[in-house]
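S.K.: One structure, pasted below without further comment.
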Amino acid sequence: MPNKNENYSYSRVLKSEGKSNPEFEAQLSQLSLEEVIGLKLEVSSRDLNGKLYGFPVWQSMPAIIKDALLKFASSCTRSQVEAARMLGLSPDKYHELLKNFEDKNFLEEK
């Protein structure tokens, strides 16, 4: 598999899109993952009167978490094989998951 992960940084991508900065990352690091997810859901639903995007959140959460895990593993490893190992997946299964990803270009260097 190609070493697409080598120059990828999710943090760098979000900073280049204006969605993150060092101060935000410092505050974020003080929260647990559960707090981050809960806060994101609350803030996202505020303008929608408590409704959330019109989809079943409970059923959608496993796919959302897997999406985040794939991006995380890609961000902190140097290769797709290393990312697959980190997630406890075979390289074939990891590659299959990447092919089915909504954001297929997330590994492209920005």
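Labels used: A, B, ... for chains in the order of the structure tokens, numbers from 1 for residues in each chain, and numbers from 1 for ligands as shown.
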Name the residues in contact with region 84-87 of chain A at a cut-off of 8 Å, using only C-alpha atoms, excluding same-chain residues fewer than 6 positions from it; report them as a ChimeraX atom specification.
M.R.: /A:69,73,93-94
S.K.: To one decimal place, how far is CA of Phe55 (chain A) from CA of Asp67 (chain A) in Å?
M.R.: 16.7 Å
S.K.: Check the smallest atom-to-atom distance from each of A:Pro56, A:His95, A:Met61, A:Glu17 to Gly38 (chain A) using only C-alpha atoms, then report the winner.
M.R.: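 For Gly38 (chain A), the nearest of the candidates is A:Met61.
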S.K.: Quick one: distance from CA of Phe101 (chain A) to CA of Ile37 (chain A) in Å, one decimal?
M.R.: 20.7 Å
S.K.: So that I can check the secondary structure, give me every residue of region 4-54 of chain A assigned helix (DSSP H, G or I) by backbone DSSP, as number ranges by chain.
M.R.: A: 4-7, 10-16, 22-28, 33-46
S.K.: Quick one: everything within 10 Å of Pro91 (chain A), counting only C-alpha atoms, minus sequence neighbours fewer than 4 positions away in the same chain. Send it as a VMD selection string.
M.R.: chain A and resid 1 80 to 85 95 to 97
S.K.: Which one is closest to Arg12 (chain A): A:Ser75, A:Gln27, A:Ser45, A:Glu34? Count only C-alpha atoms.
M.R.: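 Looking at the shortest contact to Arg12 (chain A), the residue is A:Ser75.
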